[in-house]
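**Student:** To be precise about what I am sending: the file is called input-v3.cif and holds mmCIF, C-alpha atoms.
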```
data_input
#
loop_
_atom_site.label_atom_id
_atom_site.label_comp_id
_atom_site.auth_asym_id
_atom_site.auth_seq_id
_atom_site.Cartn_x
_atom_site.Cartn_y
_atom_site.Cartn_z
CA MET M 945 87.61 29.06 58.62
CA GLU M 946 88.24 32.80 59.05
CA HIS M 947 86.94 33.46 55.52
CA ASN M 948 83.73 31.54 56.29
CA HIS M 949 83.31 33.46 59.56
CA LYS M 950 83.69 36.83 57.78
CA HIS M 951 81.25 35.71 55.07
CA GLN M 952 78.73 34.72 57.73
CA GLN M 953 79.16 38.07 59.51
CA LYS M 954 78.57 39.88 56.21
CA GLN M 955 75.43 37.86 55.54
CA GLU M 956 74.12 38.58 59.05
CA ALA M 957 74.82 42.29 58.65
CA LEU M 958 73.11 42.38 55.24
CA GLY M 959 70.01 40.77 56.70
CA ASP M 960 69.91 42.83 59.88
CA GLU M 961 70.22 46.07 57.92
CA HIS M 962 67.64 44.88 55.35
CA VAL M 963 69.90 45.54 52.40
CA GLY M 964 68.80 44.31 48.99
CA THR M 965 71.27 43.02 46.43
CA ASN M 966 69.15 43.00 43.27
CA MET M 967 66.26 44.97 41.80
CA GLU M 968 64.80 41.73 40.43
CA THR M 969 63.42 39.05 42.71
CA PRO M 970 66.16 36.37 42.88
CA LEU M 971 64.64 33.33 41.19
CA ARG M 972 66.23 30.17 39.84
CA PRO M 973 65.70 29.39 36.12
CA ASP M 974 63.73 26.26 37.08
CA ALA M 975 61.52 28.07 39.61
CA PHE M 976 58.24 27.11 37.92
CA GLN M 977 58.97 23.65 36.57
CA MET M 978 57.36 22.10 39.64
CA ASP M 979 53.56 22.31 39.84
CA ASN M 980 51.88 23.91 42.86
CA ASP M 981 50.46 20.67 44.25
CA LEU M 982 53.94 19.15 44.46
CA LYS M 983 55.35 22.35 45.98
CA ILE M 984 52.67 22.22 48.68
CA GLU M 985 53.38 18.55 49.38
CA LEU M 986 57.14 19.11 49.71
CA ILE M 987 56.85 22.30 51.77
CA SER M 988 54.46 20.51 54.13
CA LYS M 989 56.99 17.71 54.64
CA HIS M 990 59.83 20.13 55.29
CA PHE M 991 57.78 22.26 57.65
CA THR M 992 56.83 19.12 59.56
CA GLU M 993 60.55 18.52 60.07
CA ILE M 994 61.09 22.11 61.22
CA MET M 995 58.33 21.77 63.80
CA HIS M 996 59.77 18.42 64.90
CA ILE M 997 63.24 19.96 65.36
CA LEU M 998 61.67 22.73 67.46
CA GLY M 999 60.29 20.02 69.74
CA LEU M 1000 56.62 20.43 68.92
CA ASP M 1001 54.30 17.44 69.20
CA LEU M 1002 52.51 17.11 65.87
CA ASN M 1003 50.22 14.46 67.34
CA ASP M 1004 48.43 17.31 69.07
CA GLU M 1005 45.16 18.08 67.29
CA SER M 1006 45.95 21.80 67.15
CA LEU M 1007 49.30 21.21 65.42
CA ASN M 1008 48.90 18.20 63.17
CA GLY M 1009 47.36 20.18 60.33
CA THR M 1010 49.77 23.10 60.57
CA PRO M 1011 52.40 21.96 58.02
CA MET M 1012 49.79 21.59 55.28
CA ARG M 1013 48.12 24.89 56.23
CA VAL M 1014 51.47 26.68 56.07
CA ALA M 1015 52.37 25.07 52.75
CA LYS M 1016 49.07 26.09 51.14
CA MET M 1017 49.41 29.60 52.54
CA PHE M 1018 52.94 29.97 51.17
CA VAL M 1019 52.08 28.79 47.65
CA ASN M 1020 48.53 30.07 47.19
CA GLU M 1021 48.58 33.28 49.20
CA GLN M 1022 51.70 34.68 50.84
CA PHE M 1023 54.09 34.06 47.93
CA LYS M 1024 51.70 33.85 44.98
CA GLY M 1025 53.39 36.92 43.47
CA LEU M 1026 56.42 34.78 42.63
CA ASP M 1027 54.46 33.03 39.90
CA PRO M 1028 54.29 35.10 36.68
CA ARG M 1029 51.00 33.38 35.85
CA ASN M 1030 49.46 35.49 38.63
CA ARG M 1031 50.69 38.76 37.15
CA PRO M 1032 47.75 41.15 36.61
CA HIS M 1033 46.89 41.98 33.02
CA PRO M 1034 44.82 45.14 33.36
CA THR M 1035 42.77 46.42 30.45
CA LEU M 1036 43.69 49.86 29.15
CA PHE M 1037 40.92 52.32 28.37
CA GLU M 1038 41.00 55.43 26.26
CA ASN M 1039 41.26 58.58 28.32
CA GLY M 1040 37.85 59.73 27.11
CA PHE M 1041 37.75 62.84 29.26
CA LYS M 1042 41.17 63.89 27.93
CA TYR M 1043 42.17 64.27 31.57
CA LYS M 1044 45.76 65.52 31.58
CA GLU M 1045 46.27 66.10 35.28
CA MET M 1046 47.72 63.75 37.87
CA LEU M 1047 45.75 60.66 38.84
CA VAL M 1048 46.48 59.52 42.38
CA GLU M 1049 45.53 56.32 44.19
CA LYS M 1050 46.65 56.54 47.81
CA ASP M 1051 46.54 54.33 50.89
CA ILE M 1052 46.70 50.99 49.09
CA HIS M 1053 47.23 48.63 52.01
CA PHE M 1054 49.50 45.65 51.47
CA PHE M 1055 51.10 42.78 53.35
CA SER M 1056 54.47 41.46 52.26
CA THR M 1057 57.29 39.34 53.68
CA CYS M 1058 60.85 40.38 54.53
CA GLU M 1059 63.14 38.12 52.52
CA HIS M 1060 65.84 38.25 55.21
CA HIS M 1061 63.82 36.85 58.12
CA PHE M 1062 60.50 35.78 56.55
CA VAL M 1063 58.45 37.97 58.88
CA PRO M 1064 55.76 40.44 57.79
CA ILE M 1065 56.14 43.84 56.18
CA MET M 1066 52.90 45.82 56.21
CA GLY M 1067 52.08 49.27 55.02
CA LYS M 1068 50.57 51.48 52.36
CA ALA M 1069 51.49 52.30 48.79
CA HIS M 1070 50.65 55.61 47.09
CA LEU M 1071 50.64 55.67 43.29
CA ALA M 1072 50.33 58.47 40.76
CA TYR M 1073 50.56 58.81 37.00
CA ILE M 1074 49.87 61.31 34.28
CA SER M 1075 47.98 59.72 31.40
CA SER M 1076 49.58 59.57 27.98
CA GLY M 1077 46.17 58.77 26.51
CA LYS M 1078 45.33 55.57 28.41
CA VAL M 1079 43.93 54.84 31.87
CA ILE M 1080 43.22 51.67 33.87
CA GLY M 1081 40.65 50.88 36.52
CA LEU M 1082 41.61 51.89 40.04
CA SER M 1083 41.21 48.35 41.40
CA LYS M 1084 43.90 47.20 38.96
CA LEU M 1085 46.42 49.47 40.66
CA ASN M 1086 45.71 47.62 43.90
CA ARG M 1087 46.25 44.31 42.12
CA ILE M 1088 49.65 45.41 40.83
CA VAL M 1089 50.74 46.39 44.35
CA ASP M 1090 49.46 43.08 45.73
CA TYR M 1091 51.29 41.07 43.05
CA TYR M 1092 54.68 42.51 43.92
CA ALA M 1093 53.98 42.43 47.65
CA LYS M 1094 53.12 38.74 47.65
CA ARG M 1095 56.68 37.46 47.54
CA PRO M 1096 59.79 37.62 49.75
CA GLN M 1097 60.70 41.26 49.39
CA VAL M 1098 63.00 44.17 50.07
CA GLN M 1099 61.03 47.41 50.27
CA GLU M 1100 63.25 49.34 47.86
CA ARG M 1101 62.92 46.57 45.28
CA MET M 1102 59.16 46.39 45.66
CA THR M 1103 58.88 50.16 45.13
CA VAL M 1104 60.89 50.04 41.91
CA GLN M 1105 59.10 46.93 40.64
CA ILE M 1106 55.70 48.59 41.06
CA ALA M 1107 56.91 51.76 39.30
CA ASN M 1108 58.39 49.79 36.39
CA GLU M 1109 55.18 47.81 36.02
CA LEU M 1110 53.07 50.98 35.98
CA MET M 1111 55.25 52.57 33.31
CA GLU M 1112 54.96 49.45 31.14
CA VAL M 1113 51.23 48.92 31.65
CA LEU M 1114 50.21 52.59 31.33
CA GLN M 1115 52.59 53.32 28.48
CA THR M 1116 53.83 56.48 30.16
CA PRO M 1117 57.10 57.50 31.85
CA ASP M 1118 55.20 59.84 34.21
CA VAL M 1119 54.82 57.62 37.25
CA ALA M 1120 55.43 58.00 40.98
CA VAL M 1121 55.33 55.39 43.75
CA ILE M 1122 55.77 55.84 47.49
CA VAL M 1123 55.74 52.91 49.90
CA ASP M 1124 55.37 53.56 53.64
CA ALA M 1125 55.79 50.38 55.67
CA LYS M 1126 56.58 48.83 59.02
CA HIS M 1127 58.93 45.85 59.23
CA LEU M 1128 58.12 43.35 61.96
CA CYS M 1129 61.72 42.13 61.90
CA VAL M 1130 62.66 45.60 63.20
CA ALA M 1131 59.76 45.68 65.67
CA SER M 1132 60.34 42.19 67.11
CA ARG M 1133 64.09 41.64 66.80
CA GLY M 1134 67.28 43.51 67.66
CA ILE M 1135 66.43 47.03 68.86
CA LYS M 1136 62.69 46.19 68.87
CA ASP M 1137 61.62 49.54 67.46
CA ILE M 1138 57.82 49.42 67.26
CA THR M 1139 57.28 53.04 66.19
CA SER M 1140 59.48 53.62 63.15
CA ALA M 1141 58.42 53.22 59.56
CA THR M 1142 60.39 53.07 56.32
CA VAL M 1143 59.47 55.26 53.36
CA THR M 1144 60.78 54.54 49.85
CA ALA M 1145 59.98 56.38 46.63
CA SER M 1146 60.44 55.97 42.90
CA TYR M 1147 59.86 59.03 40.67
CA HIS M 1148 59.91 59.03 36.89
CA GLY M 1149 59.23 61.39 34.00
CA LYS M 1150 57.42 64.56 35.04
CA PHE M 1151 57.59 63.51 38.68
CA ASN M 1152 61.31 64.33 38.66
CA ASP M 1153 60.16 67.96 38.54
CA ALA M 1154 59.98 69.33 42.10
CA GLN M 1155 56.66 71.09 41.57
CA THR M 1156 54.93 67.97 40.23
CA ARG M 1157 56.46 65.81 42.93
CA ASN M 1158 55.39 68.20 45.70
CA GLU M 1159 51.86 68.27 44.29
CA PHE M 1160 51.79 64.47 44.60
CA LEU M 1161 53.11 64.64 48.17
CA LYS M 1162 50.47 67.21 49.03
CA TYR M 1163 47.73 64.93 47.72
CA ILE M 1164 48.87 62.09 49.93
CA GLU M 1165 49.54 64.45 52.86
CA MET M 1166 53.22 63.67 53.21
CA ASN M 1167 55.85 66.27 53.87
CA ALA M 1168 58.45 66.53 51.09
CA SER M 1169 61.20 66.29 53.70
CA GLU M 1170 60.03 62.87 54.89
#
```
Turn the structure described in the file into structure tokens.

**Tutor:**
Amino acid sequence: MEHNHKHQQKQEALGDEHVGTNMETPLRPDAFQMDNDLKIELISKHFTEIMHILGLDLNDESLNGTPMRVAKMFVNEQFKGLDPRNRPHPTLFENGFKYKEMLVEKDIHFFSTCEHHFVPIMGKAHLAYISSGKVIGLSKLNRIVDYYAKRPQVQERMTVQIANELMEVLQTPDVAVIVDAKHLCVASRGIKDITSATVTASYHGKFNDAQTRNEFLKYIEMNASE
């Protein structure tokens, strides 16, 4: 009994402090054996039960369609980034201008979900890379951010996942990612801090050099001390 109580306290602390345990999204091996239509059907049934337990009257016209709406939203929108079939496959183009300076895409807005409480995380991602001979369209950078945001997430993990994807797609180690986000679980629970934001960064290759990194921070108008 005492062991179970300590384990529960540890789990509560891990969630309240928003600590991640793995740099990969925790997925079961059979995560995609079930098709989306069946997932939606089962989630709708389970969410109906949740609403029933909460005491809500699903005979009410405003509520009786909610379980199916939530199920479709979970599978087709909010958590579509869990499915590797939705992974972006951007086309690489030759760097025809032989542009060797930093390319920066800033203020990419995203909406994600805290995996500890299933409430929103919202913020902006700032990306930079130095071409090794290939470039991709700017809209594809937004799609990469969206793919990793659309799943239950920990901000540190999301930052690293985006950076790793950029290095693989762009075939360059010279990549930087900064994520600046607000967590509604912090704003609405516990200390109810509505003003703070969390900033995470992942620097690779030439961005480990202070001068290059500070140039990136200057472009996105963030102080290096933040």

**Student:** Would you translate the PyMOL selection byres ((chain M and resi 1049) around 7) into the concrete set of residues it matches in this file, as a ChimeraX atom specification?

**Tutor:** /M:1047-1048,1050,1070-1072

**Student:** On this structure, which residues satisfy the PyMOL selection byres ((chain M and resi 1090) around 9), written as a PyMOL selection string?

**Tutor:** chain M and resi 1025+1053-1056+1085-1089+1091-1094

**Student:** So, counting all atoms listed in the file, which residue among M:Ile994, M:Ile1074, M:Ile987, M:Met1046 is closest to Met1017 (chain M)?

**Tutor:**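 Nearest to Met1017 (chain M): M:Ile987.
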
**Student:** Name the residues that the PyMOL selection byres ((chain M and resi 1149) around 9) pulls out of this structure, and write them as a PDB file with C-alpha atoms, in the frame of the given file.

**Tutor:**
```pdb
ATOM      1  CA  THR M1116      53.830  56.480  30.160  1.00  0.00           C
ATOM      2  CA  PRO M1117      57.100  57.500  31.850  1.00  0.00           C
ATOM      3  CA  ASP M1118      55.200  59.840  34.210  1.00  0.00           C
ATOM      4  CA  VAL M1119      54.820  57.620  37.250  1.00  0.00           C
ATOM      5  CA  ALA M1120      55.430  58.000  40.980  1.00  0.00           C
ATOM      6  CA  TYR M1147      59.860  59.030  40.670  1.00  0.00           C
ATOM      7  CA  HIS M1148      59.910  59.030  36.890  1.00  0.00           C
ATOM      8  CA  LYS M1150      57.420  64.560  35.040  1.00  0.00           C
ATOM      9  CA  PHE M1151      57.590  63.510  38.680  1.00  0.00           C
ATOM     10  CA  ASN M1152      61.310  64.330  38.660  1.00  0.00           C
ATOM     11  CA  ASP M1153      60.160  67.960  38.540  1.00  0.00           C
TER      12      ASP M1153
END
```

**Student:** Hey, can you check how far CA of Asn1108 (chain M) sits from CA of Tyr1163 (chain M)?

**Tutor:**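 We find that CA of Asn1108 (chain M) and CA of Tyr1163 (chain M) lie 21.7 Å from each other.
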
**Student:** So that I can check the surroundings of region 1033-1036 of chain M, please list as a VMD selection string every protein, DNA and RNA residue that reaches within 8 Å of it, counting only C-alpha atoms and ignoring chain neighbours fewer than 6 positions away.

**Tutor:** chain M and resid 1078 to 1081 1084 1113 to 1114

**Student:** What does the distance from CA of Leu1007 (chain M) to CA of Ala975 (chain M) come to in Å, to one decimal?

**Tutor:**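 Interatomic distance, CA of Leu1007 (chain M) to CA of Ala975 (chain M): 29.4 Å.
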
**Student:** Rebuild region 980-1015 of chain M to N, CA and C atoms - output it as a PDB file, in the coordinates of the input, please.

**Tutor:**
```pdb
ATOM      1  N   ASN M 980      52.195  23.412  41.522  1.00  0.00           N
ATOM      2  CA  ASN M 980      51.880  23.910  42.860  1.00  0.00           C
ATOM      3  C   ASN M 980      51.517  22.799  43.830  1.00  0.00           C
ATOM      4  N   ASP M 981      50.841  21.761  43.355  1.00  0.00           N
ATOM      5  CA  ASP M 981      50.460  20.670  44.250  1.00  0.00           C
ATOM      6  C   ASP M 981      51.701  19.980  44.824  1.00  0.00           C
ATOM      7  N   LEU M 982      52.713  19.783  43.980  1.00  0.00           N
ATOM      8  CA  LEU M 982      53.940  19.150  44.460  1.00  0.00           C
ATOM      9  C   LEU M 982      54.691  20.103  45.397  1.00  0.00           C
ATOM     10  N   LYS M 983      54.709  21.392  45.078  1.00  0.00           N
ATOM     11  CA  LYS M 983      55.350  22.350  45.980  1.00  0.00           C
ATOM     12  C   LYS M 983      54.703  22.302  47.365  1.00  0.00           C
ATOM     13  N   ILE M 984      53.380  22.270  47.398  1.00  0.00           N
ATOM     14  CA  ILE M 984      52.670  22.220  48.680  1.00  0.00           C
ATOM     15  C   ILE M 984      53.010  20.948  49.436  1.00  0.00           C
ATOM     16  N   GLU M 985      53.050  19.829  48.734  1.00  0.00           N
ATOM     17  CA  GLU M 985      53.380  18.550  49.380  1.00  0.00           C
ATOM     18  C   GLU M 985      54.776  18.585  49.987  1.00  0.00           C
ATOM     19  N   LEU M 986      55.758  19.096  49.228  1.00  0.00           N
ATOM     20  CA  LEU M 986      57.140  19.110  49.710  1.00  0.00           C
ATOM     21  C   LEU M 986      57.337  20.122  50.843  1.00  0.00           C
ATOM     22  N   ILE M 987      56.735  21.301  50.709  1.00  0.00           N
ATOM     23  CA  ILE M 987      56.850  22.300  51.770  1.00  0.00           C
ATOM     24  C   ILE M 987      56.241  21.778  53.061  1.00  0.00           C
ATOM     25  N   SER M 988      55.096  21.090  52.950  1.00  0.00           N
ATOM     26  CA  SER M 988      54.460  20.510  54.130  1.00  0.00           C
ATOM     27  C   SER M 988      55.380  19.523  54.834  1.00  0.00           C
ATOM     28  N   LYS M 989      56.058  18.687  54.047  1.00  0.00           N
ATOM     29  CA  LYS M 989      56.990  17.710  54.640  1.00  0.00           C
ATOM     30  C   LYS M 989      58.139  18.416  55.338  1.00  0.00           C
ATOM     31  N   HIS M 990      58.699  19.421  54.693  1.00  0.00           N
ATOM     32  CA  HIS M 990      59.830  20.130  55.290  1.00  0.00           C
ATOM     33  C   HIS M 990      59.407  20.932  56.519  1.00  0.00           C
ATOM     34  N   PHE M 991      58.220  21.488  56.485  1.00  0.00           N
ATOM     35  CA  PHE M 991      57.780  22.260  57.650  1.00  0.00           C
ATOM     36  C   PHE M 991      57.452  21.325  58.823  1.00  0.00           C
ATOM     37  N   THR M 992      57.016  20.126  58.501  1.00  0.00           N
ATOM     38  CA  THR M 992      56.830  19.120  59.560  1.00  0.00           C
ATOM     39  C   THR M 992      58.151  18.867  60.269  1.00  0.00           C
ATOM     40  N   GLU M 993      59.232  18.760  59.485  1.00  0.00           N
ATOM     41  CA  GLU M 993      60.550  18.520  60.070  1.00  0.00           C
ATOM     42  C   GLU M 993      61.002  19.712  60.915  1.00  0.00           C
ATOM     43  N   ILE M 994      60.734  20.922  60.444  1.00  0.00           N
ATOM     44  CA  ILE M 994      61.090  22.110  61.220  1.00  0.00           C
ATOM     45  C   ILE M 994      60.385  22.100  62.574  1.00  0.00           C
ATOM     46  N   MET M 995      59.087  21.814  62.549  1.00  0.00           N
ATOM     47  CA  MET M 995      58.330  21.770  63.800  1.00  0.00           C
ATOM     48  C   MET M 995      58.844  20.663  64.722  1.00  0.00           C
ATOM     49  N   HIS M 996      59.217  19.531  64.108  1.00  0.00           N
ATOM     50  CA  HIS M 996      59.770  18.420  64.900  1.00  0.00           C
ATOM     51  C   HIS M 996      61.079  18.833  65.562  1.00  0.00           C
ATOM     52  N   ILE M 997      61.957  19.508  64.811  1.00  0.00           N
ATOM     53  CA  ILE M 997      63.240  19.960  65.360  1.00  0.00           C
ATOM     54  C   ILE M 997      63.020  20.943  66.507  1.00  0.00           C
ATOM     55  N   LEU M 998      61.983  21.771  66.391  1.00  0.00           N
ATOM     56  CA  LEU M 998      61.670  22.730  67.460  1.00  0.00           C
ATOM     57  C   LEU M 998      61.113  22.049  68.707  1.00  0.00           C
ATOM     58  N   GLY M 999      60.782  20.763  68.588  1.00  0.00           N
ATOM     59  CA  GLY M 999      60.290  20.020  69.740  1.00  0.00           C
ATOM     60  C   GLY M 999      58.785  19.985  69.879  1.00  0.00           C
ATOM     61  N   LEU M1000      58.079  20.404  68.854  1.00  0.00           N
ATOM     62  CA  LEU M1000      56.620  20.430  68.920  1.00  0.00           C
ATOM     63  C   LEU M1000      56.043  19.049  68.651  1.00  0.00           C
ATOM     64  N   ASP M1001      54.961  18.743  69.332  1.00  0.00           N
ATOM     65  CA  ASP M1001      54.300  17.440  69.200  1.00  0.00           C
ATOM     66  C   ASP M1001      53.210  17.540  68.145  1.00  0.00           C
ATOM     67  N   LEU M1002      53.481  17.018  66.955  1.00  0.00           N
ATOM     68  CA  LEU M1002      52.510  17.110  65.870  1.00  0.00           C
ATOM     69  C   LEU M1002      51.360  16.118  66.011  1.00  0.00           C
ATOM     70  N   ASN M1003      51.378  15.299  67.060  1.00  0.00           N
ATOM     71  CA  ASN M1003      50.220  14.460  67.340  1.00  0.00           C
ATOM     72  C   ASN M1003      49.096  15.263  67.991  1.00  0.00           C
ATOM     73  N   ASP M1004      49.437  16.438  68.481  1.00  0.00           N
ATOM     74  CA  ASP M1004      48.430  17.310  69.070  1.00  0.00           C
ATOM     75  C   ASP M1004      47.461  17.772  67.975  1.00  0.00           C
ATOM     76  N   GLU M1005      46.176  17.750  68.290  1.00  0.00           N
ATOM     77  CA  GLU M1005      45.160  18.080  67.290  1.00  0.00           C
ATOM     78  C   GLU M1005      45.312  19.487  66.743  1.00  0.00           C
ATOM     79  N   SER M1006      45.790  20.406  67.580  1.00  0.00           N
ATOM     80  CA  SER M1006      45.950  21.800  67.150  1.00  0.00           C
ATOM     81  C   SER M1006      47.097  21.975  66.172  1.00  0.00           C
ATOM     82  N   LEU M1007      48.087  21.061  66.219  1.00  0.00           N
ATOM     83  CA  LEU M1007      49.300  21.210  65.420  1.00  0.00           C
ATOM     84  C   LEU M1007      49.374  20.297  64.202  1.00  0.00           C
ATOM     85  N   ASN M1008      48.627  19.196  64.205  1.00  0.00           N
ATOM     86  CA  ASN M1008      48.900  18.200  63.170  1.00  0.00           C
ATOM     87  C   ASN M1008      48.505  18.651  61.765  1.00  0.00           C
ATOM     88  N   GLY M1009      47.689  19.668  61.647  1.00  0.00           N
ATOM     89  CA  GLY M1009      47.360  20.180  60.330  1.00  0.00           C
ATOM     90  C   GLY M1009      48.171  21.403  59.923  1.00  0.00           C
ATOM     91  N   THR M1010      49.037  21.858  60.819  1.00  0.00           N
ATOM     92  CA  THR M1010      49.770  23.100  60.570  1.00  0.00           C
ATOM     93  C   THR M1010      50.704  23.023  59.363  1.00  0.00           C
ATOM     94  N   PRO M1011      51.501  21.981  59.191  1.00  0.00           N
ATOM     95  CA  PRO M1011      52.400  21.960  58.020  1.00  0.00           C
ATOM     96  C   PRO M1011      51.667  22.128  56.690  1.00  0.00           C
ATOM     97  N   MET M1012      50.543  21.463  56.526  1.00  0.00           N
ATOM     98  CA  MET M1012      49.790  21.590  55.280  1.00  0.00           C
ATOM     99  C   MET M1012      49.173  22.982  55.153  1.00  0.00           C
ATOM    100  N   ARG M1013      48.683  23.535  56.269  1.00  0.00           N
ATOM    101  CA  ARG M1013      48.120  24.890  56.230  1.00  0.00           C
ATOM    102  C   ARG M1013      49.182  25.904  55.826  1.00  0.00           C
ATOM    103  N   VAL M1014      50.376  25.769  56.393  1.00  0.00           N
ATOM    104  CA  VAL M1014      51.470  26.680  56.070  1.00  0.00           C
ATOM    105  C   VAL M1014      51.866  26.543  54.609  1.00  0.00           C
ATOM    106  N   ALA M1015      51.972  25.317  54.136  1.00  0.00           N
ATOM    107  CA  ALA M1015      52.370  25.070  52.750  1.00  0.00           C
ATOM    108  C   ALA M1015      51.376  25.694  51.774  1.00  0.00           C
TER     109      ALA M1015
END
```
